[in-house]
$ cat work35.csv   # CSV, C-alpha atoms
chain,number,residue,atom,x,y,z
A,240,MET,CA,-23.4,10.3,-6.5
A,241,THR,CA,-26.6,12.3,-7.0
A,242,THR,CA,-29.1,10.7,-9.4
A,243,PRO,CA,-29.1,12.6,-12.7
A,244,SER,CA,-32.0,15.0,-12.9
A,245,SER,CA,-33.6,17.0,-15.6
A,246,THR,CA,-36.8,18.8,-16.5
A,247,THR,CA,-38.6,19.1,-19.9
A,248,THR,CA,-41.6,21.3,-19.1
A,249,ALA,CA,-40.2,23.8,-21.8
A,250,PRO,CA,-37.3,23.7,-24.2
A,251,ALA,CA,-34.1,23.1,-22.2
A,252,ARG,CA,-31.9,26.1,-21.6
A,253,PHE,CA,-28.7,24.1,-21.1
A,254,LEU,CA,-27.2,20.7,-20.9
A,255,LEU,CA,-25.6,19.9,-17.5
A,256,LEU,CA,-22.9,17.2,-17.5
A,257,GLY,CA,-20.7,16.6,-14.5
A,258,ASP,CA,-19.8,14.8,-11.3
A,259,SER,CA,-21.7,15.0,-8.1
A,260,HIS,CA,-21.0,18.7,-7.9
A,261,ALA,CA,-23.5,19.1,-10.7
A,262,GLY,CA,-26.2,17.8,-8.3
A,263,PRO,CA,-27.0,21.1,-6.4
A,264,ILE,CA,-27.2,22.9,-9.8
A,265,GLY,CA,-29.7,20.5,-11.1
A,266,ARG,CA,-31.8,20.5,-7.9
A,267,ALA,CA,-31.8,24.3,-7.9
A,268,ALA,CA,-33.0,24.5,-11.6
A,269,LYS,CA,-35.6,21.9,-10.9
A,270,ALA,CA,-36.9,23.7,-7.8
A,271,ALA,CA,-37.0,27.0,-9.8
A,272,ARG,CA,-38.7,25.3,-12.8
A,273,ILE,CA,-35.9,26.3,-15.1
A,274,PRO,CA,-35.9,23.8,-18.0
A,275,PHE,CA,-32.7,21.9,-18.5
A,276,GLN,CA,-31.3,18.5,-19.4
A,277,GLY,CA,-28.6,16.5,-17.6
A,278,GLY,CA,-27.1,16.0,-14.2
A,279,PRO,CA,-24.2,14.1,-12.6
A,280,ILE,CA,-23.1,11.0,-14.6
A,281,GLY,CA,-20.3,9.8,-12.3
A,282,ALA,CA,-17.9,10.6,-9.5
A,283,GLY,CA,-15.3,13.4,-9.7
A,284,ARG,CA,-12.3,11.0,-9.8
A,285,GLU,CA,-13.8,9.4,-13.0
A,286,PHE,CA,-13.5,12.6,-15.0
A,287,THR,CA,-9.8,13.4,-15.1
A,288,ASP,CA,-8.0,10.9,-17.3
A,289,ASP,CA,-9.2,8.6,-20.1
A,290,PHE,CA,-12.9,8.9,-19.5
A,291,PHE,CA,-14.1,9.6,-23.0
A,292,ALA,CA,-13.3,9.2,-26.7
A,293,PRO,CA,-13.9,12.0,-29.2
A,294,ARG,CA,-16.0,11.4,-32.3
A,295,GLU,CA,-16.4,13.7,-35.3
A,296,HIS,CA,-19.6,15.2,-34.0
A,297,ASP,CA,-19.9,13.7,-30.5
A,298,VAL,CA,-18.2,11.9,-27.6
A,299,VAL,CA,-18.4,8.5,-26.1
A,300,PHE,CA,-18.0,8.0,-22.4
A,301,HIS,CA,-16.0,4.9,-21.6
A,302,LYS,CA,-18.0,3.9,-18.6
A,303,ALA,CA,-21.3,2.3,-19.8
A,304,GLU,CA,-23.4,3.9,-17.1
A,305,ALA,CA,-22.2,7.4,-17.8
A,306,ASP,CA,-22.7,7.0,-21.5
A,307,ALA,CA,-26.2,5.6,-21.0
A,308,HIS,CA,-27.1,8.7,-18.9
A,309,TYR,CA,-25.6,11.0,-21.6
A,310,ARG,CA,-27.5,9.2,-24.4
A,311,SER,CA,-30.7,9.6,-22.5
A,312,PHE,CA,-30.1,13.4,-22.1
A,313,LEU,CA,-29.4,13.7,-25.9
A,314,ALA,CA,-32.6,11.7,-26.7
A,315,ASP,CA,-34.6,14.1,-24.5
A,316,LEU,CA,-33.0,17.0,-26.3
A,317,GLU,CA,-33.8,15.3,-29.6
A,318,VAL,CA,-30.3,15.6,-30.9
A,319,ASP,CA,-28.0,12.8,-32.1
A,320,GLY,CA,-24.7,14.0,-30.7
A,321,LEU,CA,-22.9,16.8,-28.8
A,322,GLY,CA,-22.2,18.6,-32.0
A,323,SER,CA,-25.9,19.0,-32.7
A,324,LEU,CA,-26.5,20.7,-29.4
A,325,ALA,CA,-28.3,24.1,-29.7
A,326,VAL,CA,-28.0,25.1,-26.1
A,327,PRO,CA,-24.9,25.8,-23.9
A,328,LEU,CA,-23.0,23.0,-22.1
A,329,VAL,CA,-22.5,23.5,-18.4
A,330,SER,CA,-20.0,21.1,-16.8
A,331,THR,CA,-18.0,20.3,-13.6
A,332,PHE,CA,-15.6,17.8,-15.2
A,333,GLY,CA,-12.0,18.0,-14.0
A,334,LEU,CA,-12.7,20.5,-11.2
A,335,SER,CA,-12.8,18.3,-8.2
A,336,SER,CA,-9.4,19.5,-7.1
A,337,HIS,CA,-9.5,17.7,-3.8
A,338,PHE,CA,-8.6,14.5,-5.7
A,339,VAL,CA,-5.5,16.2,-7.2
A,340,ALA,CA,-4.7,17.6,-3.7
A,341,THR,CA,-4.6,14.2,-2.0
A,342,ARG,CA,-1.8,14.5,0.5
A,343,GLU,CA,0.1,11.3,-0.3
A,344,ASN,CA,0.4,12.4,-4.0
A,345,TRP,CA,2.7,15.3,-2.9
A,346,HIS,CA,5.1,13.7,-0.4
A,347,LEU,CA,7.8,13.4,-3.0
A,348,HIS,CA,7.7,17.2,-3.6
A,349,ARG,CA,8.0,18.3,0.0
A,350,ASP,CA,11.3,19.1,1.8
A,351,ARG,CA,12.5,17.4,5.0
A,352,HIS,CA,10.4,19.9,7.0
A,353,GLY,CA,7.2,18.9,5.3
A,354,GLY,CA,6.8,22.1,3.3
A,355,PHE,CA,7.2,23.0,-0.4
A,356,ALA,CA,10.0,24.9,-1.9
A,357,PRO,CA,9.3,28.6,-2.3
A,358,GLY,CA,7.3,29.2,-5.5
A,359,PHE,CA,6.7,25.5,-6.2
A,360,LEU,CA,2.9,25.7,-6.0
A,361,THR,CA,2.9,28.6,-8.5
A,362,GLY,CA,5.7,27.3,-10.7
A,363,PRO,CA,5.7,25.5,-14.0
A,364,LEU,CA,6.4,22.0,-12.7
A,365,PHE,CA,3.4,22.1,-10.4
A,366,ASP,CA,1.2,23.5,-13.2
A,367,ALA,CA,2.4,20.8,-15.6
A,368,ILE,CA,1.6,18.0,-13.0
A,369,VAL,CA,-1.9,19.3,-12.4
A,370,ARG,CA,-2.7,19.8,-16.1
A,371,ALA,CA,-1.4,16.2,-16.8
A,372,THR,CA,-3.6,14.9,-14.0
A,373,VAL,CA,-6.7,16.4,-15.5
A,374,ARG,CA,-5.6,16.2,-19.2
A,375,ASP,CA,-8.7,14.2,-20.4
A,376,ALA,CA,-11.1,16.7,-18.8
A,377,LEU,CA,-9.2,19.5,-20.6
A,378,ALA,CA,-9.4,17.5,-23.8
A,379,PHE,CA,-13.2,17.1,-23.3
A,380,TYR,CA,-13.7,20.9,-23.0
A,381,ARG,CA,-11.4,21.5,-26.0
A,382,HIS,CA,-13.4,19.0,-28.1
A,383,ALA,CA,-16.7,20.6,-27.1
A,384,LEU,CA,-15.4,24.0,-28.1
A,385,ARG,CA,-14.2,22.7,-31.4
A,386,LEU,CA,-17.8,21.4,-32.0
A,387,GLY,CA,-18.9,25.0,-31.7
A,388,LEU,CA,-20.6,24.8,-28.3
A,389,ARG,CA,-20.8,27.6,-25.7
A,390,VAL,CA,-19.1,25.9,-22.8
A,391,LEU,CA,-19.2,26.9,-19.1
A,392,ALA,CA,-17.4,25.2,-16.3
A,393,VAL,CA,-18.5,25.6,-12.7
A,394,LEU,CA,-15.9,25.9,-9.9
A,395,PRO,CA,-16.8,23.6,-7.1
A,396,PRO,CA,-17.5,24.4,-3.4
A,397,GLN,CA,-14.3,25.5,-1.7
A,398,ARG,CA,-14.2,22.5,0.7
A,399,VAL,CA,-11.2,20.3,1.4
A,400,PRO,CA,-11.6,16.9,3.0
A,401,GLU,CA,-9.0,15.7,5.6
A,402,GLN,CA,-7.1,13.5,3.1
A,403,SER,CA,-6.4,16.5,0.9
A,404,ASP,CA,-4.0,19.4,1.4
A,405,PRO,CA,-5.8,22.8,1.4
A,406,GLU,CA,-2.7,24.6,0.0
A,407,VAL,CA,-2.4,22.2,-2.9
A,408,PHE,CA,-6.2,22.3,-3.5
A,409,THR,CA,-6.2,26.1,-3.9
A,410,ALA,CA,-3.1,26.0,-6.2
A,411,ALA,CA,-4.4,23.1,-8.3
A,412,GLN,CA,-7.7,24.8,-8.8
A,413,GLU,CA,-5.9,27.9,-10.1
A,414,SER,CA,-3.9,25.8,-12.5
A,415,VAL,CA,-7.1,24.1,-13.9
A,416,ARG,CA,-8.9,27.4,-14.0
A,417,GLY,CA,-6.1,29.0,-15.9
A,418,ALA,CA,-6.0,26.1,-18.4
A,419,LEU,CA,-9.8,26.4,-19.0
A,420,ASP,CA,-9.6,30.1,-19.4
A,421,ALA,CA,-6.9,29.8,-22.0
A,422,LEU,CA,-9.1,27.4,-23.9
A,423,GLY,CA,-12.0,29.9,-24.0
A,424,VAL,CA,-14.2,28.1,-21.5
A,425,GLU,CA,-16.4,30.5,-19.5
A,426,LEU,CA,-15.7,30.1,-15.7
A,427,VAL,CA,-18.5,30.3,-13.2
A,428,ASP,CA,-16.5,31.4,-10.1
A,429,LEU,CA,-18.5,32.3,-7.1
A,430,ARG,CA,-15.7,32.3,-4.5
A,431,ALA,CA,-16.1,36.0,-3.7
A,432,ARG,CA,-19.7,35.3,-2.7
A,433,THR,CA,-19.5,31.9,-1.0
A,434,THR,CA,-16.2,31.9,1.0
A,435,GLY,CA,-15.1,33.3,4.3
A,436,PRO,CA,-11.9,35.2,5.2
A,437,ASP,CA,-10.0,31.9,5.1
A,438,GLY,CA,-10.9,31.4,1.5
A,439,PHE,CA,-13.1,28.3,2.1
A,440,GLN,CA,-16.8,27.7,1.8
A,441,ARG,CA,-19.1,29.4,4.4
A,442,PRO,CA,-21.3,27.0,6.3
A,443,GLU,CA,-24.5,28.3,4.8
A,444,PHE,CA,-23.4,27.0,1.4
A,445,CYS,CA,-22.2,23.6,2.6
A,446,GLU,CA,-24.2,20.3,2.4
A,447,ALA,CA,-24.8,19.1,6.0
A,448,ASP,CA,-22.9,16.0,7.2
A,449,ASP,CA,-20.8,16.1,4.0
A,450,ALA,CA,-17.1,17.0,3.6
A,451,ILE,CA,-17.0,18.3,0.0
A,452,HIS,CA,-20.4,19.3,-1.5
A,453,GLY,CA,-22.4,22.4,-1.7
A,454,ASN,CA,-26.0,22.6,-0.8
A,455,LEU,CA,-29.1,23.8,-2.5
A,456,ALA,CA,-28.3,27.4,-1.5
A,457,PHE,CA,-25.0,27.1,-3.4
A,458,GLY,CA,-26.8,25.6,-6.3
A,459,ARG,CA,-29.2,28.5,-6.4
A,460,LEU,CA,-26.2,30.9,-6.6
A,461,VAL,CA,-24.7,29.0,-9.5
A,462,LEU,CA,-28.1,28.9,-11.3
A,463,ALA,CA,-28.5,32.7,-10.8
A,464,ASP,CA,-25.1,33.2,-12.3
A,465,LEU,CA,-26.0,31.0,-15.3
A,466,LEU,CA,-29.3,32.9,-15.9
A,467,ALA,CA,-27.5,36.2,-15.6
A,468,ARG,CA,-25.2,35.1,-18.5
A,469,GLY,CA,-28.3,34.5,-20.6
A,470,LEU,CA,-28.8,30.8,-20.3

$ encode --input "work35.csv" --output "structure tokens"
Amino acid sequence: MTTPSSTTTAPARFLLLGDSHAGPIGRAAKAARIPFQGGPIGAGREFTDDFFAPREHDVVFHKAEADAHYRSFLADLEVDGLGSLAVPLVSTFGLSSHFVATRENWHLHRDRHGGFAPGFLTGPLFDAIVRATVRDALAFYRHALRLGLRVLAVLPPQRVPEQSDPEVFTAAQESVRGALDALGVELVDLRARTTGPDGFQRPEFCEADDAIHGNLAFGRLVLADLLARGL
């Protein structure tokens, strides 16, 4: 996991909370001297189910290290809880779809030839399974919106490690994206600019010697999109 990063040379323009996919965004902002607070506070698999508890005007992360990072970000922003935040929240929670797409998780749903029934990956059962898998991430976004925050979620690099199924990855990502869109979360989706004809991340936006992450160039594109939205 990338060490949480932030800069306070001027009033922060957003709070960044997420898994390791938040790292390139933070590095890009820091390199461009764009003031922000936050960074990665854990691994992607930690931010799907049962990772936080809502409070009336805040949240508490169950993992002590994650909550400590979060509290330090709030202190630097001089606020006492998420509900007091005066800047947008940018997050990557729940969007590491390669965890959802782990091949062994889907053996039960394949036919004897190893494939899925027609329409399964776009059907209601698949959608329900995916949403149940990331239910706490969806609950986090829902709670942040109820607190009156402007919330943006960043789709991750389109990279699928060997242990994950690319077809399931793509379908799962669409399920999560649809759930977030229905909640009213703003989606930062750069797939049209960062993927090749096969739908996956182009090499120039991939972290070297790494199977899932984007690089600084990818982070710069995300940052440019955030700035274009007025952050």

$ residues_near_point --input "work35.csv" --point "(-12.8, 23.2, 0.1)" --cutoff "9 Å" --atoms "all atoms listed in the file" --output "PyMOL selection string"
chain A and resi 336-337+395-400+405+408-409+438-440+450-452

$ atom_distance --input "work35.csv" --atom1 "atom CA of A:Arg381" --atom2 "atom CA of A:Leu422"
6.7 Å

$ atom_distance --input "work35.csv" --atom1 "atom CA of A:Asp366" --atom2 "atom CA of A:Leu429"
22.4 Å

$ closest_residue --input "work35.csv" --among "A:His348, A:Asp375, A:Gly353, A:Ser323" --to "A:His301" --atoms "only C-alpha atoms"
A:Asp375

$ atom_distance --input "work35.csv" --atom1 "atom CA of A:Lys269" --atom2 "atom CA of A:Leu465"
13.9 Å

$ residues_around --input "work35.csv" --residues "A:Glu406" --least-positions-apart "4" --cutoff "9 Å" --atoms "only C-alpha atoms" --output "JSON, numbers by chain"
{"A": [340, 360, 410, 411]}

$ residues_around --input "work35.csv" --residues "stretch 414-416 of chain A" --least-positions-apart "2" --cutoff "12 Å" --atoms "all atoms listed in the file" --output "PyMOL selection string"
chain A and resi 287+331-336+339+360-377+380+391-395+407-412+418-428

$ closest_residue --input "work35.csv" --among "A:Ala463, A:Leu386, A:Ala271, A:Leu313" --to "A:Leu255" --atoms "only C-alpha atoms"
A:Leu313

$ closest_residue --input "work35.csv" --among "A:Val298, A:Phe444, A:His346, A:Phe312" --to "A:Val461" --atoms "only C-alpha atoms"
A:Phe444

$ residues_near_point --input "work35.csv" --point "(-31.5, 23.9, 1.5)" --cutoff "12 Å" --atoms "all atoms listed in the file" --output "PyMOL selection string"
chain A and resi 263+266-267+270+442-447+453-460

$ closest_residue --input "work35.csv" --among "A:Val326, A:Arg294, A:Gly278, A:Ala467" --to "A:His260" --atoms "all atoms listed in the file"
A:Gly278

$ closest_residue --input "work35.csv" --among "A:Ala378, A:Ala383, A:Val329, A:Ala307" --to "A:Asp464" --atoms "all atoms listed in the file"
A:Val329

$ closest_residue --input "work35.csv" --among "A:Gly417, A:Gly262, A:Pro279, A:Pro274" --to "A:Ala249" --atoms "only C-alpha atoms"
A:Pro274
